[in-house]
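Chemist: Pasting a structure here, questions to come.
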Amino acid sequence: MTAPSTAIDFHSGVNQGVAPVTYGEGERPPRGNYARARADYTCEQDWAAYTPAQHDLYRRLYERQAAQLPGLACKEFVEAVTHLGEPDRIPRFDELSERLMRATGWQVVAVPGLIPEEAFFKLLSERRFPVTEWIREPEEFDYVVEPDVFHDLFGHVPLLFNPVFADYMQAYGAGGLKASRLDACELLARLYWYTVEFGLIATPEGLRAYGAGILSSTGELRYSVTSPEPKRVGFDVERIMRTRYKIDTYQRTYFVIDSFEQLFQATAPDFTPIYARVRQLPPLEAGELLPGEPRFPPA
């Protein structure tokens with residue numbers, strides 16, 4: 001889907017024919033046809049409806065991104081991306097789900113586009129990852145604002161084959177359901193954005209990307225890891241929850257984890273007291289630095 005649901009997913013208030021709301025700042029309304037969606041916003045993947053041109057577009061997107069992975073993407077992602085299958089066509093979700101189920105107990109399900117936060121959280125808590133069914137237009141080859149089928153499959157699904165990251169995603173979904181009852185979804189949306197979508201990881205070989213928004217972007221992959229322009233700071237849950245983000249530009253701040261185990265352990269405790277503390281502090285703008293916080297140079 002988009003984030004949080006597929007790429008930008010943390011939306012509230014989506015209904016049939018009503019565009020979802022996102023917490024990030026952007027200037028384009030989300031798109032998607034919800035006429036075929038079930039009550040949980042999933043739908044059948046109409047694989048036969050994809051045209052040869054759309055399969056070829058997927059192939060070209062895949063091949064371009066795969067060529068950029070060495071030296072920029074984390075090894076866990078590089079090793080797992082082959083599980084998507086042959087890159088010459090858009091994968092069938094049912095076939096991909098069979099492989100994913102054997103590996104970590106997850107499935108992929110089709111959705112029309114951005115979905116409400118509660119629906120997104122519930123799917124994740126059930127180890128079902130929502131994937132947008134439509135693919136971008138040819139003129140959006142270099143950049144698409146909302147996540148499409150390529151973003152969701154190439155960017156998100158490979159790491160669901162990693163047991164630690166797969167467990168993190170399920171725990172995130174369960175935490176999201178609780179956050180919605182505590183009116184804290186915006187804070188949790190920031191955590192998703194700066195980890196699952198735009199996270200970096202420190203490895204013995206140097207900084208590498210693991211976030212789906214980075215890994216599926218031709219320009220931001222290299223920018224996030226090697227450019228001197230953005231701020232790269234150490235992972236801190238409360239710091240992230242205070243930090244705003246943009247949904248339609250390269251990120252001004254990236255947060256760096258030491259390992260997926262660190263990510264899982266740091267987000268395992270009850271967030272209720274964290275939400276209370278963060279609400280007492282002013283939000284931080286993207287690109288804003290705090291005194292003394294650890295920073296990482298570009299690779």
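Ordering of the structure tokens sets the chain letters (A, B, ...); residue numbers start at 1 within each chain; ligands are numbered from 1 in the order shown.
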What's the 10 Å shell around range 67-70 of chain A, counting only C-alpha atoms, without same-chain residues fewer than 3 positions away, as a ChimeraX atom specification?

Modeler: /A:62-64,73-75,77-78,208-209,215-219,221-222

Chemist: Could you write out the selected residues, including N, CA, C and O atoms, as a short mmCIF file (atom, residue, chain, number, x, y, z; two decimals), in the first residue's frame?

Modeler:
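Result file is out-v7.cif:
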data_model
loop_
_atom_site.label_atom_id
_atom_site.label_comp_id
_atom_site.auth_asym_id
_atom_site.auth_seq_id
_atom_site.Cartn_x
_atom_site.Cartn_y
_atom_site.Cartn_z
N TYR A 62 12.13 -2.07 -11.71
CA TYR A 62 12.86 -3.07 -10.92
C TYR A 62 14.33 -3.10 -11.31
O TYR A 62 15.22 -3.05 -10.44
N GLU A 63 14.59 -3.19 -12.59
CA GLU A 63 15.98 -3.31 -13.04
C GLU A 63 16.79 -2.08 -12.69
O GLU A 63 17.96 -2.18 -12.31
N ARG A 64 16.18 -0.90 -12.80
CA ARG A 64 16.92 0.31 -12.45
C ARG A 64 17.26 0.34 -10.96
O ARG A 64 18.40 0.66 -10.58
N ALA A 73 22.14 -0.18 -0.23
CA ALA A 73 21.09 -0.88 0.52
C ALA A 73 21.71 -1.86 1.51
O ALA A 73 22.80 -2.40 1.28
N CYS A 74 21.01 -2.10 2.63
CA CYS A 74 21.52 -3.05 3.62
C CYS A 74 21.53 -4.46 3.02
O CYS A 74 20.72 -4.79 2.16
N LYS A 75 22.43 -5.29 3.52
CA LYS A 75 22.60 -6.63 2.95
C LYS A 75 21.36 -7.48 3.12
O LYS A 75 21.07 -8.34 2.28
N PHE A 77 18.33 -6.56 2.84
CA PHE A 77 17.42 -6.26 1.74
C PHE A 77 17.94 -6.84 0.43
O PHE A 77 17.19 -7.44 -0.34
N VAL A 78 19.21 -6.66 0.17
CA VAL A 78 19.80 -7.17 -1.07
C VAL A 78 19.60 -8.67 -1.19
O VAL A 78 19.28 -9.20 -2.27
N ARG A 208 23.81 2.34 5.34
CA ARG A 208 23.03 1.69 4.30
C ARG A 208 21.55 2.01 4.54
O ARG A 208 21.13 2.29 5.65
N ALA A 209 20.76 1.93 3.48
CA ALA A 209 19.33 2.20 3.57
C ALA A 209 18.55 0.92 3.81
O ALA A 209 18.89 -0.14 3.27
N LEU A 215 14.52 2.89 -0.73
CA LEU A 215 14.94 1.78 -1.59
C LEU A 215 14.19 1.73 -2.91
O LEU A 215 14.69 1.18 -3.89
N SER A 216 12.99 2.31 -2.96
CA SER A 216 12.23 2.31 -4.21
C SER A 216 12.37 3.61 -4.98
O SER A 216 11.71 3.80 -6.00
N SER A 217 13.23 4.51 -4.52
CA SER A 217 13.43 5.81 -5.17
C SER A 217 14.78 5.86 -5.86
O SER A 217 15.81 5.61 -5.23
N THR A 218 14.76 6.22 -7.13
CA THR A 218 16.02 6.27 -7.86
C THR A 218 16.95 7.37 -7.37
O THR A 218 18.16 7.21 -7.36
N GLY A 219 16.38 8.51 -6.95
CA GLY A 219 17.22 9.61 -6.52
C GLY A 219 17.56 9.61 -5.05
O GLY A 219 18.69 9.89 -4.65
N LEU A 221 17.79 7.16 -2.90
CA LEU A 221 18.66 6.09 -2.41
C LEU A 221 20.09 6.59 -2.27
O LEU A 221 20.71 6.48 -1.21
N ARG A 222 20.63 7.16 -3.32
CA ARG A 222 22.00 7.67 -3.25
C ARG A 222 22.08 8.92 -2.38
O ARG A 222 23.03 9.09 -1.61
#

Chemist: Could you find all residues in range 96-287 of chain A that DSSP calls strand (DSSP E) from the backbone, and write them as a ChimeraX atom specification?

Modeler: /A:107-111,128-132,200-203,206-209,231-234,253-257

Chemist: Please, could you write that set of residues out with C-alpha atoms as a PDB file, in the first residue's frame?

Modeler:
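Generated file (out31.pdb):
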ATOM      1  CA  GLN A 107       0.927 -12.398   3.432  1.00  0.00           C
ATOM      2  CA  VAL A 108       0.463  -9.551   0.978  1.00  0.00           C
ATOM      3  CA  VAL A 109      -3.052  -8.290   0.252  1.00  0.00           C
ATOM      4  CA  ALA A 110      -4.210  -5.859  -2.414  1.00  0.00           C
ATOM      5  CA  VAL A 111      -5.703  -2.466  -1.532  1.00  0.00           C
ATOM      6  CA  ARG A 128      -1.039  -9.038   6.292  1.00  0.00           C
ATOM      7  CA  PHE A 129       0.791  -6.314   4.395  1.00  0.00           C
ATOM      8  CA  PRO A 130      -1.376  -4.055   2.196  1.00  0.00           C
ATOM      9  CA  VAL A 131      -0.003  -3.458  -1.303  1.00  0.00           C
ATOM     10  CA  THR A 132      -1.437  -0.850  -3.674  1.00  0.00           C
ATOM     11  CA  LEU A 200      19.088   4.155   7.605  1.00  0.00           C
ATOM     12  CA  ILE A 201      21.206   1.531   9.353  1.00  0.00           C
ATOM     13  CA  ALA A 202      24.866   1.712  10.423  1.00  0.00           C
ATOM     14  CA  THR A 203      26.784  -1.360   9.238  1.00  0.00           C
ATOM     15  CA  GLY A 206      29.093   2.091   6.361  1.00  0.00           C
ATOM     16  CA  LEU A 207      25.651   3.638   6.236  1.00  0.00           C
ATOM     17  CA  ARG A 208      23.032   1.691   4.299  1.00  0.00           C
ATOM     18  CA  ALA A 209      19.329   2.201   3.575  1.00  0.00           C
ATOM     19  CA  LYS A 231      20.988  15.585   8.689  1.00  0.00           C
ATOM     20  CA  ARG A 232      21.606  12.003   9.868  1.00  0.00           C
ATOM     21  CA  VAL A 233      21.108  11.480  13.591  1.00  0.00           C
ATOM     22  CA  GLY A 234      21.011   8.557  15.981  1.00  0.00           C
ATOM     23  CA  THR A 253      16.531  14.307   8.409  1.00  0.00           C
ATOM     24  CA  TYR A 254      17.277  10.571   8.522  1.00  0.00           C
ATOM     25  CA  PHE A 255      17.474   8.487  11.699  1.00  0.00           C
ATOM     26  CA  VAL A 256      20.118   5.771  11.935  1.00  0.00           C
ATOM     27  CA  ILE A 257      19.676   2.447  13.766  1.00  0.00           C
TER      28      ILE A 257
END

Chemist: CA of Asp248 in chain A and CA of Asn33 in chain A are how many Å apart?

Modeler: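 Here the two named atoms are 21.4 Å from each other.
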
Chemist: Can I get the residues of range 52-152 of chain A within 9 Å of range 157-161 of chain A, each with the closest pair of atoms and their distance in Å to one decimal, using only C-alpha atoms, sorted chain first then ascending number, as CSV?

Modeler:
residue,atom,partner,partner_atom,distance
A:Glu76,CA,A:Leu159,CA,7.1
A:Phe77,CA,A:Leu159,CA,5.8
A:Val78,CA,A:Pro158,CA,8.4
A:Glu79,CA,A:Pro158,CA,8.5
A:Ala80,CA,A:Pro158,CA,5.0
A:Val81,CA,A:Pro158,CA,4.9
A:Thr82,CA,A:Pro158,CA,7.9
A:His83,CA,A:Pro158,CA,6.8
A:Leu84,CA,A:Pro158,CA,7.1
A:Arg99,CA,A:Phe161,CA,8.8
A:Leu100,CA,A:Phe161,CA,6.3
A:Met101,CA,A:Phe161,CA,8.9
A:Ala103,CA,A:Phe161,CA,5.9
A:Thr104,CA,A:Phe161,CA,6.0
A:Gly105,CA,A:Phe161,CA,9.0
A:Trp106,CA,A:Leu160,CA,7.3
A:Val108,CA,A:Val157,CA,8.1
A:Phe129,CA,A:Val157,CA,8.0
A:Val131,CA,A:Val157,CA,9.0
A:Asp152,CA,A:Val157,CA,6.8

Chemist: Could you work out how far CA of Lys246 in chain A lies from CA of Gly287 in chain A, giving the answer in Å with one decimal?

Modeler: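 Between these atoms lies a distance of 10.5 Å.
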
Chemist: Write out as a PyMOL selection string which residues come within 10 Å of Tyr41 in chain A when counting only C-alpha atoms, dropping same-chain ones fewer than 6 positions away.

Modeler: chain A and resi 14-16+34-35+109-116+119-120+123+130

Chemist: Which one of A:Asp236, A:Glu98, A:Glu229, A:Asp270 sits closest to Gly176 in chain A if you count only C-alpha atoms?

Modeler: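 Looking only at the distances to Gly176 in chain A, the closest residue turns out to be A:Asp270.
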
Chemist: Skipping near chain neighbours, those fewer than 6 positions away, what residues fall within 10 Å of Tyr275 in chain A using only C-alpha atoms, listed as a count of residues only?

Modeler: 10

Chemist: Which is closer to Asp40 in chain A than all the others in A:Glu118, A:Leu177, A:Arg136, A:Ala212, using only C-alpha atoms?

Modeler: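 Closest residue, counting only C-alpha atoms: A:Glu118.
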
Chemist: Please determine, counting only C-alpha atoms, which residue among A:Phe271, A:Asp258, A:Ser224, A:Phe235 has the shortest atom-to-atom distance to Ala171 in chain A.

Modeler: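 When distances to Ala171 in chain A are compared using only C-alpha atoms, the smallest one comes from A:Phe271.
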
Chemist: Tell me which of A:Val237, A:Leu153, A:Ile247, A:Val196 sits closest to Val278 in chain A, counting only C-alpha atoms.

Modeler: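 Checking each candidate against Val278 in chain A, we get A:Val237 as the closest.
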
Chemist: I need the residue nearest Pro282 in chain A from this list: A:Pro91, A:Gly32, A:Pro138, A:Thr243. Use only C-alpha atoms for the distance.

Modeler: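 Nearest candidate to Pro282 in chain A out of A:Pro91, A:Gly32, A:Pro138, A:Thr243: A:Thr243.
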
Chemist: Running DSSP on the backbone, which parts of range 21-213 of chain A land in alpha helix (DSSP H), as a VMD selection string?

Modeler: chain A and resid 52 to 68 75 to 80 93 to 104 117 to 125 149 to 150 163 to 181 185 to 192 212 to 213
